[in-house]
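A short worksheet on the structure shown next.
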Amino acid sequence: MAALGVEVNVANDDGETNTAVNVPESVLRRDQARLEEAERRRNVKEKQAVKEEKSDFFTSTFNAEKTAVEEMLSSSNYSDRDKAAKTLEEVTVRIQQLQKFLNDSIMFLTQYEIRQAQASMQKLQSSLAEKREAVLPKKKFAFRSRNAGPSKQPEPSQQTTDKSPSDVGVTVVVDAAVDVYQCGFSNAKNQVLIKQAEEIQQRDVLLSHLTNCKVRLYGCPSTLHIKNVCNCEILCGPVSSSVFVDQCANSTLVLSCQQLRTHNTTATQIYVHVTSRAIIEDCHGVRFAPFTWTYPGIQDHYKVARLDPDRNNWTDVDDFNWLAAGTPSPNWTVIPETERICSWDSVGSAS
């Protein structure tokens with residue numbers, strides 16, 4: 001059987017057309033495939049050039065802003081507390097803007113670039129926290145039941161020292177250090193801890209050194225830091241920028257944010273709404289599920305936080321300790337639907 005072909009007219013040097021040449025169809029297909037491959041490579045090269053250009057722009061812009069913030073933290077005069085508070089407030093805003101710039105750029109950055117930028121952000125946040133602690137005043141508050149007088153001993157149902165949060169009948173915080181400029185709770189055990197929207201709206205919130213506590217944050221903080229917590233249940237409304245988790249064990253976190261960064265965390269369930277992506281590092285036994293908490297006013301808080309309630313990348317988890325492409329990380333899993341919590345205890349309802 002003769003091979004299928006296509007007749008092609010060939011012209012001679014005088015411009016006259018000679019007899020048609022029968023070109024095998026297989027040759028034409030190979031030529032077409034070569035042309036398509038050349039076009040594909042050209043497109044890949046152009047896209048790579050654009051990506052590299054964006055990456056160079058990000059690096060130069062990010063480093064310039066980072067340097068500016070570092071200079072503000074190191075060179076400002078902090079002897080005047082009023083001026084110090086104003087400067088630290090400005091630094092906070094600039095760090096938030098830099099974090100948003102990073103979140104918006106992640107799609108064209110390499111894992112190495114993301115890791116380096118996140119390390120820089122963590123360093124800036126730590127420097128800001130240290131400066132606040134060194135310069136700005138702290139107060140200690142002891143919150144008691146509204147019905148309890150200053151000398152009245154708590155009823156047995158109000159004793160919380162040896163009870164779990166689910167057994168606590170009143171909202172009590174004992175000896176919880178609260179930073180005047182960075183609100184939150186620290187050094188609490190067996191407590192139910194609550195912040196309403198007006199207390200945390202667009203502020204940096206710190207939860208640290210908590211054991212066997214239930215925490216409810218009814219509002220939209222700017223940034224949330226969770227450090228050194230164990231056997232806790234922490235629920236928080238929409239966070240405008242990032243949530244940073246470090247040294248968390250045997251806990252349940254219910255969070256909505258732009259980006260989640262989790263370090264040194266074990267045996268913890270995270271119900272998350274994240275519009276960028278979640279990152280874990282040095283973690284084991286972490287399980288993820290979509291955000292399932294609601295309360296009156298949460299939709300308004302999504303608007304204030306500028307988070308899209310319909311965009312949730314809760315399964316997009318990057319493990320910086322697991323770089324094997326195509327193989328799932330053994331350090332995190334998805335919570336099966338049958339095991340997910342869909343409703344949460346009503347504790348200190350949103351005001």
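Each chain in the structure tokens gets a letter, A, B and so on, in the order shown; residues start at 1 in every chain, and ligands are counted from 1 in the order they appear.
For segment 162-327 of chain A, a DSSP pass over the backbone yields helix (DSSP H, G or I) at Pro165, Ser166, Asp167, Ala197, Glu198, Glu199, Ile200, Ile298, Gln299, Asp300, His301, Tyr302, Lys303, Val304 and Ala305 of chain A.
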Checklist line | Non-local contacts of Asp246 of chain A (9 Å; only C-alpha atoms; under 4 positions in same chain excluded) as a PyMOL selection string | finding: chain A and resi 225-229+261-265
Check: Which residue gives the smallest distance to Ile106 of chain A among A:Ala305, A:Leu193, A:Ala278, A:Ala289, with only C-alpha atoms counted?
Finding: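 Smallest distance to Ile106 of chain A is found for A:Ala278.
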Please provide as a PDB file with C-alpha atoms, in the first residue's frame all residues within 8 Å of segment 207-221 of chain A, with the sequence filter that same-chain residues fewer than 2 positions apart are discarded (counting only C-alpha atoms).
```pdb
ATOM      1  CA  SER A 164     -10.600  21.800  82.406  1.00  0.00           C
ATOM      2  CA  PRO A 165     -12.006  24.718  80.382  1.00  0.00           C
ATOM      3  CA  GLY A 184      -3.739  39.320  74.284  1.00  0.00           C
ATOM      4  CA  PHE A 185      -3.334  36.782  77.072  1.00  0.00           C
ATOM      5  CA  SER A 186      -0.222  35.282  78.661  1.00  0.00           C
ATOM      6  CA  ASN A 187       0.660  32.951  81.520  1.00  0.00           C
ATOM      7  CA  ALA A 188      -2.802  31.467  82.085  1.00  0.00           C
ATOM      8  CA  LYS A 189      -3.866  27.950  83.006  1.00  0.00           C
ATOM      9  CA  ASN A 190      -7.295  26.306  83.105  1.00  0.00           C
ATOM     10  CA  GLN A 191      -9.052  29.491  82.013  1.00  0.00           C
ATOM     11  CA  VAL A 192     -11.667  30.680  79.539  1.00  0.00           C
ATOM     12  CA  LEU A 193     -10.239  33.777  77.851  1.00  0.00           C
ATOM     13  CA  ILE A 194     -12.348  36.118  75.720  1.00  0.00           C
ATOM     14  CA  LYS A 195     -11.770  39.274  73.707  1.00  0.00           C
ATOM     15  CA  GLN A 196     -14.579  41.150  71.999  1.00  0.00           C
ATOM     16  CA  ALA A 197     -14.308  42.901  68.621  1.00  0.00           C
ATOM     17  CA  GLU A 198     -13.701  46.401  69.991  1.00  0.00           C
ATOM     18  CA  ILE A 200      -8.819  43.531  69.198  1.00  0.00           C
ATOM     19  CA  GLN A 201      -9.946  45.161  65.952  1.00  0.00           C
ATOM     20  CA  GLN A 202      -6.903  45.729  63.706  1.00  0.00           C
ATOM     21  CA  ARG A 203      -4.488  45.207  66.605  1.00  0.00           C
ATOM     22  CA  ASP A 204      -1.613  42.792  67.080  1.00  0.00           C
ATOM     23  CA  VAL A 205      -2.759  40.011  69.393  1.00  0.00           C
ATOM     24  CA  THR A 223      -1.853  39.923  63.265  1.00  0.00           C
ATOM     25  CA  LEU A 224      -2.113  36.961  65.634  1.00  0.00           C
ATOM     26  CA  HIS A 225       0.853  35.343  67.424  1.00  0.00           C
ATOM     27  CA  ILE A 226       0.355  32.026  69.233  1.00  0.00           C
ATOM     28  CA  LYS A 227       3.386  30.878  71.238  1.00  0.00           C
ATOM     29  CA  ASN A 228       3.978  28.141  73.795  1.00  0.00           C
ATOM     30  CA  VAL A 229       0.462  26.782  74.165  1.00  0.00           C
ATOM     31  CA  CYS A 230      -0.561  23.291  75.233  1.00  0.00           C
ATOM     32  CA  ASN A 231      -3.939  21.541  75.392  1.00  0.00           C
ATOM     33  CA  CYS A 232      -5.747  24.676  74.278  1.00  0.00           C
ATOM     34  CA  GLU A 233      -8.711  25.429  72.053  1.00  0.00           C
ATOM     35  CA  ILE A 234      -8.261  28.760  70.277  1.00  0.00           C
ATOM     36  CA  LEU A 235     -10.892  30.280  67.986  1.00  0.00           C
ATOM     37  CA  CYS A 236     -10.280  33.590  66.241  1.00  0.00           C
ATOM     38  CA  GLY A 237     -12.192  35.708  63.745  1.00  0.00           C
ATOM     39  CA  PRO A 238     -10.715  36.953  60.435  1.00  0.00           C
ATOM     40  CA  VAL A 239      -7.096  38.156  60.735  1.00  0.00           C
ATOM     41  CA  SER A 240      -6.088  40.857  58.245  1.00  0.00           C
ATOM     42  CA  TYR A 295     -20.632  34.061  65.245  1.00  0.00           C
ATOM     43  CA  ILE A 298     -18.289  37.584  61.378  1.00  0.00           C
ATOM     44  CA  HIS A 301     -15.277  41.252  60.172  1.00  0.00           C
ATOM     45  CA  TYR A 302     -14.326  39.545  56.902  1.00  0.00           C
ATOM     46  CA  VAL A 304     -12.837  44.794  57.698  1.00  0.00           C
ATOM     47  CA  ALA A 305     -10.022  42.252  57.358  1.00  0.00           C
ATOM     48  CA  VAL A 347     -18.487  30.753  75.139  1.00  0.00           C
ATOM     49  CA  GLY A 348     -18.929  34.449  75.894  1.00  0.00           C
ATOM     50  CA  ALA A 350     -19.896  38.136  70.597  1.00  0.00           C
TER      51      ALA A 350
END
```
Item checked: Closest of A:Arg81, A:Arg340, A:Arg277, A:Arg287 to Asn313 of chain A - atom-to-atom distances counting only C-alpha atoms ->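 Once distances to Asn313 of chain A are computed over only C-alpha atoms, the minimum belongs to A:Arg277.
Atom CA of Gly285 of chain A is positioned 4.6 Å from atom CA of Ala267 of chain A.
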Next item on the list: Rounded to one decimal place, report the atom CA of Arg132 of chain A-atom CA of Gln247 of chain A distance in Å.
Entry: 21.5 Å
Note to self: What's the separation between atom CA of Asp104 of chain A and atom CA of Val254 of chain A, in Å to one decimal place?
What the structure shows: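 Answer for the atom CA of Asp104 of chain A to atom CA of Val254 of chain A separation: 23.3 Å.
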